[in-house]
file target-v3.cif (mmCIF, C-alpha atoms)
data_my_file
loop_
_atom_site.group_PDB
_atom_site.id
_atom_site.type_symbol
_atom_site.label_atom_id
_atom_site.label_comp_id
_atom_site.auth_asym_id
_atom_site.auth_seq_id
_atom_site.Cartn_x
_atom_site.Cartn_y
_atom_site.Cartn_z
ATOM 1 C CA MET A 947 56.859 254.358 122.439
ATOM 2 C CA LEU A 948 54.918 251.085 122.216
ATOM 3 C CA GLY A 949 55.689 250.385 125.847
ATOM 4 C CA ALA A 950 58.651 250.426 128.204
ATOM 5 C CA GLN A 951 62.163 250.384 126.769
ATOM 6 C CA ALA A 952 63.690 248.796 129.886
ATOM 7 C CA THR A 953 63.176 245.037 130.082
ATOM 8 C CA PRO A 954 61.451 243.394 133.063
ATOM 9 C CA ALA A 955 64.829 241.992 134.147
ATOM 10 C CA GLU A 956 66.398 245.452 134.027
ATOM 11 C CA ARG A 957 63.544 246.922 136.058
ATOM 12 C CA ARG A 958 63.847 244.185 138.692
ATOM 13 C CA ALA A 959 67.588 244.782 138.944
ATOM 14 C CA LYS A 960 66.834 248.486 139.375
ATOM 15 C CA PHE A 961 64.404 247.698 142.211
ATOM 16 C CA ARG A 962 67.149 245.745 143.999
ATOM 17 C CA GLU A 963 69.560 248.614 143.425
ATOM 18 C CA LEU A 964 67.109 251.097 144.929
ATOM 19 C CA LEU A 965 66.568 248.935 148.024
ATOM 20 C CA ALA A 966 70.322 248.577 148.496
ATOM 21 C CA GLY A 967 70.952 252.306 148.096
ATOM 22 C CA ASP A 968 71.384 255.025 150.685
ATOM 23 C CA GLN A 969 68.292 257.069 149.802
ATOM 24 C CA ILE A 970 64.651 256.560 150.674
ATOM 25 C CA VAL A 971 62.491 255.978 147.583
ATOM 26 C CA GLN A 972 58.852 256.776 146.779
ATOM 27 C CA PHE A 973 56.418 254.555 144.857
ATOM 28 C CA PRO A 974 53.069 256.310 144.317
ATOM 29 C CA GLY A 975 50.121 254.093 143.447
ATOM 30 C CA ALA A 976 49.021 253.934 139.806
ATOM 31 C CA ILE A 977 45.360 253.221 139.103
ATOM 32 C CA ASN A 978 45.912 252.739 135.350
ATOM 33 C CA PRO A 979 48.729 252.843 132.773
ATOM 34 C CA ILE A 980 48.620 256.581 132.022
ATOM 35 C CA ASN A 981 48.847 257.207 135.774
ATOM 36 C CA ALA A 982 52.090 255.173 135.771
ATOM 37 C CA GLN A 983 53.420 257.239 132.866
ATOM 38 C CA ILE A 984 52.749 260.444 134.800
ATOM 39 C CA ILE A 985 54.476 258.989 137.878
ATOM 40 C CA GLU A 986 57.558 258.235 135.790
ATOM 41 C CA GLN A 987 57.517 261.641 134.095
ATOM 42 C CA THR A 988 57.237 263.355 137.492
ATOM 43 C CA GLY A 989 60.527 261.792 138.561
ATOM 44 C CA PHE A 990 59.537 259.117 141.079
ATOM 45 C CA GLU A 991 61.637 255.984 141.504
ATOM 46 C CA GLY A 992 58.922 253.377 141.085
ATOM 47 C CA VAL A 993 55.237 252.560 140.719
ATOM 48 C CA TYR A 994 53.054 250.819 143.278
ATOM 49 C CA ILE A 995 49.974 248.835 142.205
ATOM 50 C CA SER A 996 47.465 248.751 145.050
ATOM 51 C CA GLY A 997 44.951 245.967 145.513
ATOM 52 C CA GLY A 998 42.704 248.304 147.459
ATOM 53 C CA ALA A 999 42.727 250.936 144.716
ATOM 54 C CA PHE A 1000 42.127 248.302 142.038
ATOM 55 C CA SER A 1001 39.171 246.755 143.854
ATOM 56 C CA ALA A 1002 37.715 250.217 144.526
ATOM 57 C CA ALA A 1003 38.070 251.139 140.853
ATOM 58 C CA MET A 1004 36.071 247.989 140.074
ATOM 59 C CA GLY A 1005 33.373 249.054 142.522
ATOM 60 C CA LEU A 1006 34.324 246.360 145.062
ATOM 61 C CA PRO A 1007 35.475 246.492 148.700
ATOM 62 C CA ASP A 1008 39.048 245.484 149.520
ATOM 63 C CA ILE A 1009 38.205 242.053 150.973
ATOM 64 C CA GLY A 1010 39.927 239.726 148.519
ATOM 65 C CA LEU A 1011 37.204 239.620 145.862
ATOM 66 C CA THR A 1012 39.515 240.316 142.928
ATOM 67 C CA THR A 1013 41.175 237.287 141.331
ATOM 68 C CA LEU A 1014 44.796 236.563 140.497
ATOM 69 C CA THR A 1015 43.994 236.746 136.784
ATOM 70 C CA GLU A 1016 42.357 240.160 137.126
ATOM 71 C CA VAL A 1017 45.188 241.586 139.220
ATOM 72 C CA ALA A 1018 47.934 240.110 137.016
ATOM 73 C CA ASP A 1019 46.293 241.573 133.901
ATOM 74 C CA HIS A 1020 45.967 244.936 135.641
ATOM 75 C CA GLY A 1021 49.627 244.806 136.658
ATOM 76 C CA ARG A 1022 50.712 243.768 133.171
ATOM 77 C CA ASN A 1023 48.944 246.739 131.603
ATOM 78 C CA ILE A 1024 50.708 249.118 133.973
ATOM 79 C CA ALA A 1025 54.154 247.486 133.787
ATOM 80 C CA ARG A 1026 54.002 247.531 129.986
ATOM 81 C CA VAL A 1027 54.130 251.338 129.753
ATOM 82 C CA THR A 1028 56.702 252.320 132.377
ATOM 83 C CA ASN A 1029 60.466 251.931 132.652
ATOM 84 C CA LEU A 1030 60.195 252.116 136.439
ATOM 85 C CA PRO A 1031 60.090 249.113 138.761
ATOM 86 C CA THR A 1032 56.504 248.067 139.541
ATOM 87 C CA PHE A 1033 55.591 246.705 142.981
ATOM 88 C CA ILE A 1034 52.227 244.979 143.326
ATOM 89 C CA ASP A 1035 49.855 243.971 146.111
ATOM 90 C CA ALA A 1036 49.429 240.177 146.167
ATOM 91 C CA ASP A 1037 46.987 240.115 149.112
ATOM 92 C CA THR A 1038 47.311 236.659 150.719
ATOM 93 C CA GLY A 1039 48.587 234.968 147.565
ATOM 94 C CA TRP A 1040 45.260 233.562 146.317
ATOM 95 C CA GLY A 1041 45.444 230.237 148.092
ATOM 96 C CA GLU A 1042 47.842 227.814 149.704
ATOM 97 C CA ALA A 1043 51.592 227.457 149.213
ATOM 98 C CA MET A 1044 51.487 226.240 145.611
ATOM 99 C CA ASN A 1045 49.037 228.999 144.694
ATOM 100 C CA VAL A 1046 51.491 231.516 146.131
ATOM 101 C CA ALA A 1047 54.299 230.096 143.979
ATOM 102 C CA ARG A 1048 52.087 230.416 140.920
ATOM 103 C CA THR A 1049 51.225 233.996 141.900
ATOM 104 C CA VAL A 1050 54.914 234.916 141.822
ATOM 105 C CA GLN A 1051 55.341 233.399 138.375
ATOM 106 C CA GLU A 1052 52.217 235.084 137.011
ATOM 107 C CA PHE A 1053 53.570 238.436 138.173
ATOM 108 C CA GLU A 1054 57.002 237.696 136.729
ATOM 109 C CA ASP A 1055 55.371 236.876 133.394
ATOM 110 C CA ALA A 1056 53.435 240.149 133.625
ATOM 111 C CA GLY A 1057 56.672 242.136 133.868
ATOM 112 C CA ILE A 1058 56.194 243.108 137.520
ATOM 113 C CA SER A 1059 59.307 243.815 139.632
ATOM 114 C CA GLY A 1060 58.124 242.679 143.060
ATOM 115 C CA MET A 1061 55.129 241.925 145.258
ATOM 116 C CA HIS A 1062 54.041 241.951 148.875
ATOM 117 C CA LEU A 1063 52.297 239.068 150.560
ATOM 118 C CA GLU A 1064 50.341 239.480 153.786
ATOM 119 C CA ASP A 1065 49.640 237.334 156.836
ATOM 120 C CA GLN A 1066 45.898 237.927 157.076
ATOM 121 C CA VAL A 1067 43.344 235.144 156.888
ATOM 122 C CA ASN A 1068 40.822 234.993 154.065
ATOM 123 C CA PRO A 1069 38.616 236.884 153.545
ATOM 124 C CA LYS A 1070 41.070 239.702 154.206
ATOM 125 C CA ARG A 1071 40.300 243.260 155.229
ATOM 126 C CA CYS A 1072 41.854 246.624 154.487
ATOM 127 C CA GLY A 1073 45.014 246.945 156.572
ATOM 128 C CA HIS A 1074 43.786 250.097 158.308
ATOM 129 C CA LEU A 1075 40.425 248.699 159.454
ATOM 130 C CA ASP A 1076 39.743 247.070 162.812
ATOM 131 C CA GLY A 1077 38.869 243.401 163.220
ATOM 132 C CA LYS A 1078 41.698 241.896 161.159
ATOM 133 C CA GLU A 1079 42.712 238.297 161.789
ATOM 134 C CA VAL A 1080 46.106 236.823 160.980
ATOM 135 C CA VAL A 1081 47.321 233.302 160.330
ATOM 136 C CA THR A 1082 50.030 231.724 162.459
ATOM 137 C CA THR A 1083 53.646 232.737 161.976
ATOM 138 C CA ALA A 1084 54.360 229.231 160.713
ATOM 139 C CA GLU A 1085 51.621 229.437 158.088
ATOM 140 C CA MET A 1086 52.817 232.795 156.810
ATOM 141 C CA SER A 1087 56.400 231.515 156.734
ATOM 142 C CA LYS A 1088 55.192 228.700 154.457
ATOM 143 C CA ARG A 1089 53.677 231.292 152.117
ATOM 144 C CA ILE A 1090 56.966 233.174 151.949
ATOM 145 C CA LYS A 1091 59.034 230.039 151.391
ATOM 146 C CA ALA A 1092 56.679 229.015 148.580
ATOM 147 C CA ALA A 1093 57.009 232.445 146.997
ATOM 148 C CA VAL A 1094 60.800 232.258 147.151
ATOM 149 C CA LYS A 1095 60.816 228.736 145.719
ATOM 150 C CA GLY A 1096 58.469 229.758 142.902
ATOM 151 C CA ARG A 1097 60.591 232.737 141.917
ATOM 152 C CA ARG A 1098 62.592 232.309 138.703
ATOM 153 C CA ASP A 1099 64.239 235.736 138.613
ATOM 154 C CA GLU A 1100 66.274 236.193 141.782
ATOM 155 C CA ASN A 1101 65.815 239.972 141.514
ATOM 156 C CA PHE A 1102 62.030 239.725 141.814
ATOM 157 C CA VAL A 1103 61.403 241.285 145.240
ATOM 158 C CA ILE A 1104 59.276 239.351 147.746
ATOM 159 C CA CYS A 1105 58.045 241.515 150.595
ATOM 160 C CA ALA A 1106 56.235 240.197 153.669
ATOM 161 C CA ARG A 1107 53.474 242.338 155.117
ATOM 162 C CA THR A 1108 52.328 241.801 158.678
ATOM 163 C CA ASP A 1109 48.942 243.009 159.888
ATOM 164 C CA SER A 1110 49.553 241.716 163.411
ATOM 165 C CA ARG A 1111 50.336 245.056 165.080
ATOM 166 C CA ALA A 1112 46.675 245.791 165.812
ATOM 167 C CA GLY A 1113 45.764 242.438 167.331
ATOM 168 C CA GLU A 1114 49.006 241.161 168.838
ATOM 169 C CA GLY A 1115 51.002 244.289 169.629
ATOM 170 C CA LEU A 1116 54.247 245.764 168.363
ATOM 171 C CA ASP A 1117 56.695 243.276 169.890
ATOM 172 C CA ALA A 1118 54.802 240.281 168.530
ATOM 173 C CA ALA A 1119 54.654 241.932 165.101
ATOM 174 C CA ILE A 1120 58.424 242.405 165.174
ATOM 175 C CA ASP A 1121 58.917 238.754 166.139
ATOM 176 C CA ARG A 1122 56.811 237.802 163.148
ATOM 177 C CA ALA A 1123 58.853 240.079 160.891
ATOM 178 C CA LYS A 1124 62.068 238.412 162.002
ATOM 179 C CA ALA A 1125 60.607 234.992 161.200
ATOM 180 C CA TYR A 1126 59.413 236.226 157.811
ATOM 181 C CA ALA A 1127 62.879 237.555 156.985
ATOM 182 C CA ASP A 1128 64.356 234.204 158.025
ATOM 183 C CA ALA A 1129 61.878 232.500 155.659
ATOM 184 C CA GLY A 1130 63.312 234.505 152.769
ATOM 185 C CA ALA A 1131 61.430 237.814 152.619
ATOM 186 C CA ASP A 1132 63.506 240.549 150.969
ATOM 187 C CA MET A 1133 61.612 243.374 152.667
ATOM 188 C CA ILE A 1134 59.128 243.841 155.530
ATOM 189 C CA PHE A 1135 55.894 245.820 155.325
ATOM 190 C CA PRO A 1136 54.701 246.596 158.867
ATOM 191 C CA GLU A 1137 51.095 247.682 158.374
ATOM 192 C CA ALA A 1138 49.309 250.382 160.405
ATOM 193 C CA MET A 1139 52.178 251.682 162.526
ATOM 194 C CA ARG A 1140 51.062 254.276 165.055
ATOM 195 C CA ASP A 1141 54.083 256.615 165.141
ATOM 196 C CA LEU A 1142 57.643 257.146 163.958
ATOM 197 C CA GLY A 1143 59.002 255.296 166.972
ATOM 198 C CA GLU A 1144 57.284 252.112 165.847
ATOM 199 C CA PHE A 1145 58.796 252.382 162.387
ATOM 200 C CA GLU A 1146 62.196 252.974 163.961
ATOM 201 C CA LYS A 1147 61.883 249.932 166.216
ATOM 202 C CA PHE A 1148 60.941 247.763 163.262
ATOM 203 C CA ALA A 1149 63.820 249.055 161.136
ATOM 204 C CA SER A 1150 66.353 248.412 163.878
ATOM 205 C CA SER A 1151 65.038 244.911 164.589
ATOM 206 C CA VAL A 1152 65.276 243.318 161.142
ATOM 207 C CA ASP A 1153 68.140 242.976 158.671
ATOM 208 C CA VAL A 1154 66.071 243.686 155.563
ATOM 209 C CA PRO A 1155 64.587 246.998 154.327
ATOM 210 C CA ILE A 1156 61.219 248.114 155.657
ATOM 211 C CA LEU A 1157 58.367 249.863 153.907
ATOM 212 C CA ALA A 1158 56.035 252.596 155.139
ATOM 213 C CA ASN A 1159 52.444 252.773 153.910
ATOM 214 C CA MET A 1160 51.431 256.429 153.813
ATOM 215 C CA THR A 1161 47.764 255.923 153.035
ATOM 216 C CA GLU A 1162 45.326 258.699 153.874
ATOM 217 C CA PHE A 1163 42.646 258.401 156.571
ATOM 218 C CA GLY A 1164 44.323 255.374 158.166
ATOM 219 C CA LYS A 1165 46.072 254.477 161.399
ATOM 220 C CA SER A 1166 49.411 256.077 160.494
ATOM 221 C CA GLU A 1167 50.137 259.794 160.525
ATOM 222 C CA LEU A 1168 51.219 261.113 157.119
ATOM 223 C CA PHE A 1169 54.942 261.509 157.713
ATOM 224 C CA THR A 1170 57.357 263.142 155.277
ATOM 225 C CA THR A 1171 60.024 261.167 153.461
ATOM 226 C CA GLU A 1172 62.646 262.981 155.535
ATOM 227 C CA GLN A 1173 60.997 261.876 158.780
ATOM 228 C CA LEU A 1174 60.696 258.294 157.566
ATOM 229 C CA ALA A 1175 64.265 258.191 156.260
ATOM 230 C CA ASN A 1176 65.516 259.363 159.655
ATOM 231 C CA VAL A 1177 63.961 256.312 161.343
ATOM 232 C CA GLY A 1178 65.291 253.811 158.817
ATOM 233 C CA VAL A 1179 62.459 253.391 156.304
ATOM 234 C CA LYS A 1180 63.683 252.518 152.795
ATOM 235 C CA LEU A 1181 60.516 252.578 150.667
ATOM 236 C CA VAL A 1182 57.340 254.667 150.930
ATOM 237 C CA ILE A 1183 54.129 253.778 149.107
ATOM 238 C CA TYR A 1184 51.088 255.983 148.543
ATOM 239 C CA PRO A 1185 48.544 253.307 147.571
ATOM 240 C CA VAL A 1186 45.244 255.091 147.033
ATOM 241 C CA THR A 1187 46.384 258.718 146.767
ATOM 242 C CA THR A 1188 45.973 259.114 143.014
ATOM 243 C CA LEU A 1189 42.588 257.359 143.081
ATOM 244 C CA ARG A 1190 41.371 259.706 145.814
ATOM 245 C CA ILE A 1191 42.668 262.765 143.959
ATOM 246 C CA ALA A 1192 40.974 261.631 140.761
ATOM 247 C CA MET A 1193 37.667 260.584 142.323
ATOM 248 C CA GLY A 1194 37.457 263.803 144.335
ATOM 249 C CA ALA A 1195 37.972 265.864 141.183
ATOM 250 C CA ILE A 1196 35.535 263.744 139.176
ATOM 251 C CA LYS A 1197 32.798 263.985 141.777
ATOM 252 C CA SER A 1198 33.205 267.742 142.117
ATOM 253 C CA GLY A 1199 33.398 268.246 138.363
ATOM 254 C CA LEU A 1200 30.316 266.191 137.618
ATOM 255 C CA GLN A 1201 28.367 268.177 140.190
ATOM 256 C CA THR A 1202 29.482 271.389 138.486
ATOM 257 C CA ILE A 1203 28.283 270.097 135.107
ATOM 258 C CA ARG A 1204 24.996 268.992 136.641
ATOM 259 C CA ASP A 1205 24.454 272.355 138.333
ATOM 260 C CA LYS A 1206 25.656 274.674 135.542
ATOM 261 C CA GLY A 1207 24.962 272.619 132.433
ATOM 262 C CA THR A 1208 28.522 273.065 131.131
ATOM 263 C CA GLN A 1209 32.109 272.087 131.980
ATOM 264 C CA VAL A 1210 33.566 275.455 131.004
ATOM 265 C CA ASP A 1211 34.495 276.336 134.609
ATOM 266 C CA LEU A 1212 36.471 273.095 134.914
ATOM 267 C CA LEU A 1213 38.839 273.603 131.984
ATOM 268 C CA GLU A 1214 41.612 275.226 133.998
ATOM 269 C CA GLY A 1215 42.012 272.137 136.188
ATOM 270 C CA MET A 1216 41.901 269.628 133.341
ATOM 271 C CA GLN A 1217 44.762 267.881 131.603
ATOM 272 C CA THR A 1218 44.934 269.547 128.212
ATOM 273 C CA ARG A 1219 44.846 267.671 124.937
ATOM 274 C CA ALA A 1220 48.464 268.709 124.314
ATOM 275 C CA ASP A 1221 49.581 267.413 127.704
ATOM 276 C CA LEU A 1222 47.696 264.151 127.185
ATOM 277 C CA TYR A 1223 49.381 263.595 123.824
ATOM 278 C CA ASP A 1224 52.772 264.420 125.344
ATOM 279 C CA THR A 1225 52.189 262.004 128.241
ATOM 280 C CA ILE A 1226 51.356 259.050 125.999
ATOM 281 C CA ASP A 1227 53.990 260.054 123.375
ATOM 282 C CA TYR A 1228 51.432 260.426 120.604
ATOM 283 C CA ALA A 1229 53.985 261.953 118.204
ATOM 284 C CA ALA A 1230 56.234 258.891 118.370
ATOM 285 C CA TYR A 1231 53.356 256.643 117.336
ATOM 286 C CA ASN A 1232 52.612 258.960 114.434
ATOM 287 C CA ASP A 1233 56.259 258.920 113.337
ATOM 288 C CA PHE A 1234 56.347 255.133 113.590
ATOM 289 C CA ASP A 1235 53.195 254.809 111.513
ATOM 290 C CA SER A 1236 54.526 257.163 108.836
ATOM 291 C CA ALA A 1237 57.825 255.269 108.613
ATOM 292 C CA VAL A 1238 56.111 251.912 108.176
ATOM 293 C CA PHE A 1239 53.329 252.934 105.811
ATOM 294 C CA ASN A 1240 55.362 254.972 103.371
ATOM 295 C CA PHE A 1241 54.780 252.896 100.267
ATOM 296 C CA SER A 1242 53.231 254.256 97.105
ATOM 297 C CA GLN A 1243 49.943 253.115 95.635
ATOM 298 C CA GLU A 1244 50.982 254.021 92.074
ATOM 299 C CA GLY A 1245 50.583 251.198 89.572
ATOM 300 C CA HIS A 1246 48.237 249.218 91.832
ATOM 301 C CA GLN A 1247 44.515 248.721 91.223
#
call {"tool": "encode", "arguments": {"input": "target-v3.cif", "output": "structure tokens"}}
result
Amino acid sequence: MLGAQATPAERRAKFRELLAGDQIVQFPGAINPINAQIIEQTGFEGVYISGGAFSAAMGLPDIGLTTLTEVADHGRNIARVTNLPTFIDADTGWGEAMNVARTVQEFEDAGISGMHLEDQVNPKRCGHLDGKEVVTTAEMSKRIKAAVKGRRDENFVICARTDSRAGEGLDAAIDRAKAYADAGADMIFPEAMRDLGEFEKFASSVDVPILANMTEFGKSELFTTEQLANVGVKLVIYPVTTLRIAMGAIKSGLQTIRDKGTQVDLLEGMQTRADLYDTIDYAAYNDFDSAVFNFSQEGHQ
């Protein structure tokens, strides 16, 4: 009630524990705070905060138009309500090396548990679109070193994403990943892998955990957690899944209301009032309010 009970430091330590563990973990994307609460209540290990989903929810394409302030505020609102580790998309870090260091600190202050930083040039593109351009390995290594230097909590996870597979090939992408790990990255995010073999080659080539992006309608096949675990993947994210589920249902439902003049046929698929109140712990707020405002008005004018 009134937010997460676990502190940001505890959640960051938990993120490190998960990455060091033997089991693969799943971080579905949350598009808003109540989405994060449902993720936690469903039993997942963490919450992912997608830049692509956030920009789409704002009616913008995923090309780096959202600002650090907007994303940090969005992340803060989500991190505030969940006891799970939160892992956020930092795009290219919003500038040069010092901007990247500030980005880390803004996310730390927002209660976030970790972030990923990518090697695309600005303006960036969605990782599963063609025509991406990447900076040099040296430039990206500077970004990572700045992020590490800016970090105040050693448990805040800094993940390096490489979008170089499409333009430079798998071997070059792996060489970049090795350099990024040497620069201090705690985890590697190889974007747009084509098959399980590519994930396996990445996992066997670097000494840090790797992440699999299981986004729909992209370059990667939608593999199961068992398949990904068998090739060495440690963390799976589902960035835009909840947004797509929600928007699909909203679009269909609105058309039903437009066509039939009522939402009565949609009730079965809706979250009920009781479930909503249970999700946000409405009763605990009511109990808190009653305990605080229990004074008597007798004798007062």
call {"tool": "closest_atom_pairs", "arguments": {"input": "target-v3.cif", "of": "range 1118-1208 of chain A", "to": "range 973-991 of chain A", "cutoff": "12 Å", "atoms": "only C-alpha atoms", "output": "CSV"}}
result
residue,atom,partner,partner_atom,distance
A:Leu1157,CA,A:Phe973,CA,10.4
A:Ala1158,CA,A:Phe973,CA,10.5
A:Asn1159,CA,A:Phe973,CA,10.0
A:Met1160,CA,A:Pro974,CA,9.6
A:Thr1161,CA,A:Gly975,CA,10.0
A:Thr1171,CA,A:Phe973,CA,11.4
A:Lys1180,CA,A:Phe973,CA,11.0
A:Leu1181,CA,A:Phe973,CA,7.4
A:Val1182,CA,A:Phe973,CA,6.1
A:Ile1183,CA,A:Phe973,CA,4.9
A:Tyr1184,CA,A:Pro974,CA,4.7
A:Pro1185,CA,A:Gly975,CA,4.5
A:Val1186,CA,A:Gly975,CA,6.1
A:Thr1187,CA,A:Gly975,CA,6.8
A:Thr1188,CA,A:Gly975,CA,6.5
A:Leu1189,CA,A:Ile977,CA,6.4
A:Arg1190,CA,A:Ile977,CA,10.1
A:Ile1191,CA,A:Ile977,CA,11.0
A:Ala1192,CA,A:Ile977,CA,9.6
A:Met1193,CA,A:Ile977,CA,11.1
call {"tool": "atom_distance", "arguments": {"input": "target-v3.cif", "atom1": "CA of Ala1036 in chain A", "atom2": "CA of Leu1063 in chain A"}}
result
5.4 Å
call {"tool": "closest_residue", "arguments": {"input": "target-v3.cif", "among": "A:Ile1156, A:Ile1203, A:Leu948, A:Leu1116", "to": "Ala1230 in chain A", "atoms": "all atoms listed in the file"}}
result
A:Leu948
call {"tool": "residues_around", "arguments": {"input": "target-v3.cif", "residues": "Ala1123 in chain A", "least_positions_apart": "2", "cutoff": "12 Å", "atoms": "only C-alpha atoms", "output": "PyMOL selection string"}}
result
chain A and resi 1064-1065+1083-1084+1086-1087+1090+1105-1111+1116-1121+1125-1137+1147-1156
call {"tool": "resolve_selection", "arguments": {"input": "target-v3.cif", "expression": "the PyMOL selection byres ((chain A and resi 1016-1028) around 7)", "output": "PyMOL selection string"}}
result
chain A and resi 949-950+978-979+982-983+986+995+1012-1015+1029-1030+1032+1052-1053+1056-1058
call {"tool": "atom_distance", "arguments": {"input": "target-v3.cif", "atom1": "CA of Val1179 in chain A", "atom2": "CA of Gly1039 in chain A"}}
result
24.7 Å
call {"tool": "resolve_selection", "arguments": {"input": "target-v3.cif", "expression": "the PyMOL selection byres ((chain A and resi 956-958) around 6)", "output": "ChimeraX atom specification"}}
result
/A:952-955,959-961,1031,1059,1101-1102
call {"tool": "atom_distance", "arguments": {"input": "target-v3.cif", "atom1": "CA of Asp1205 in chain A", "atom2": "CA of Thr1218 in chain A"}}
result
23.0 Å
call {"tool": "residues_around", "arguments": {"input": "target-v3.cif", "residues": "Gln969 in chain A", "least_positions_apart": "3", "cutoff": "9 Å", "atoms": "all atoms listed in the file", "output": "PyMOL selection string"}}
result
chain A and resi 964-966+1175+1180
call {"tool": "closest_residue", "arguments": {"input": "target-v3.cif", "among": "A:Ser1236, A:Gln1066, A:Ser996, A:Thr1170", "to": "Phe1033 in chain A", "atoms": "only C-alpha atoms"}}
result
A:Ser996
call {"tool": "axis_aligned_box", "arguments": {"input": "target-v3.cif", "around": "range 1227-1235 of chain A", "padding_each_side": "5 Å", "output": "JSON"}}
result
{"center_x": 53.9, "center_y": 258.4, "center_z": 117.4, "size_x": 14.9, "size_y": 17.1, "size_z": 21.9}
call {"tool": "closest_residue", "arguments": {"input": "target-v3.cif", "among": "A:Asp1224, A:Ser1001, A:Gly967, A:Ser1166", "to": "Asp1141 in chain A", "atoms": "all atoms listed in the file"}}
result
A:Ser1166
call {"tool": "closest_residue", "arguments": {"input": "target-v3.cif", "among": "A:Thr1049, A:Arg1122, A:Val1081, A:Ala1220", "to": "Arg1097 in chain A", "atoms": "all atoms listed in the file"}}
result
A:Thr1049
call {"tool": "residues_around", "arguments": {"input": "target-v3.cif", "residues": "Asn1045 in chain A", "least_positions_apart": "3", "cutoff": "10 Å", "atoms": "all atoms listed in the file", "output": "number ranges by chain"}}
result
A: 1014, 1038-1042, 1048-1051, 1089, 1092-1093, 1096
call {"tool": "residues_around", "arguments": {"input": "target-v3.cif", "residues": "Tyr1228 in chain A", "least_positions_apart": "6", "cutoff": "12 Å", "atoms": "all atoms listed in the file", "output": "PyMOL selection string"}}
result
chain A and resi 947-948+1219-1222+1234-1235
call {"tool": "closest_residue", "arguments": {"input": "target-v3.cif", "among": "A:Asn1068, A:Leu1174, A:Glu1079, A:Arg1140", "to": "Val971 in chain A", "atoms": "all atoms listed in the file"}}
result
A:Leu1174
call {"tool": "residues_around", "arguments": {"input": "target-v3.cif", "residues": "Met1061 in chain A", "least_positions_apart": "4", "cutoff": "6 Å", "atoms": "all atoms listed in the file", "output": "MDAnalysis selection string"}}
result
chainID A and resid 1033:1035 1104
call {"tool": "decode", "arguments": {"input": "target-v3.cif", "residues": "range 1142-1146 of chain A", "atoms": "all heavy atoms", "output": "compact mmCIF listing (two decimals), in the first residue's frame"}}
result
# COMPACT_ATOMS: atom_id res chain seq x y z
N LEU A 1142 18.07 -19.48 -32.75
CA LEU A 1142 18.62 -19.89 -31.46
C LEU A 1142 20.13 -20.05 -31.51
O LEU A 1142 20.82 -19.78 -30.52
CB LEU A 1142 17.98 -21.21 -31.02
CG LEU A 1142 16.55 -21.13 -30.48
CD1 LEU A 1142 15.96 -22.52 -30.32
CD2 LEU A 1142 16.51 -20.37 -29.16
N GLY A 1143 20.65 -20.48 -32.64
CA GLY A 1143 22.09 -20.64 -32.78
C GLY A 1143 22.84 -19.34 -32.57
O GLY A 1143 23.95 -19.32 -32.01
N GLU A 1144 22.26 -18.23 -33.01
CA GLU A 1144 22.92 -16.94 -32.82
C GLU A 1144 22.92 -16.54 -31.35
O GLU A 1144 23.94 -16.03 -30.84
CB GLU A 1144 22.24 -15.88 -33.68
CG GLU A 1144 22.43 -16.11 -35.16
CD GLU A 1144 22.07 -14.92 -36.03
OE1 GLU A 1144 21.53 -13.92 -35.49
OE2 GLU A 1144 22.34 -14.98 -37.23
N PHE A 1145 21.83 -16.79 -30.66
CA PHE A 1145 21.82 -16.54 -29.22
C PHE A 1145 22.87 -17.40 -28.52
O PHE A 1145 23.59 -16.93 -27.63
CB PHE A 1145 20.44 -16.84 -28.63
CG PHE A 1145 19.42 -15.76 -28.84
CD1 PHE A 1145 18.29 -15.99 -29.63
CD2 PHE A 1145 19.56 -14.52 -28.24
CE1 PHE A 1145 17.33 -15.00 -29.81
CE2 PHE A 1145 18.60 -13.53 -28.41
CZ PHE A 1145 17.49 -13.75 -29.20
N GLU A 1146 22.96 -18.64 -28.91
CA GLU A 1146 23.91 -19.57 -28.29
C GLU A 1146 25.34 -19.11 -28.51
O GLU A 1146 26.18 -19.16 -27.60
CB GLU A 1146 23.71 -20.98 -28.82
CG GLU A 1146 24.55 -22.03 -28.11
CD GLU A 1146 24.15 -23.44 -28.49
OE1 GLU A 1146 23.65 -23.64 -29.62
OE2 GLU A 1146 24.33 -24.34 -27.65
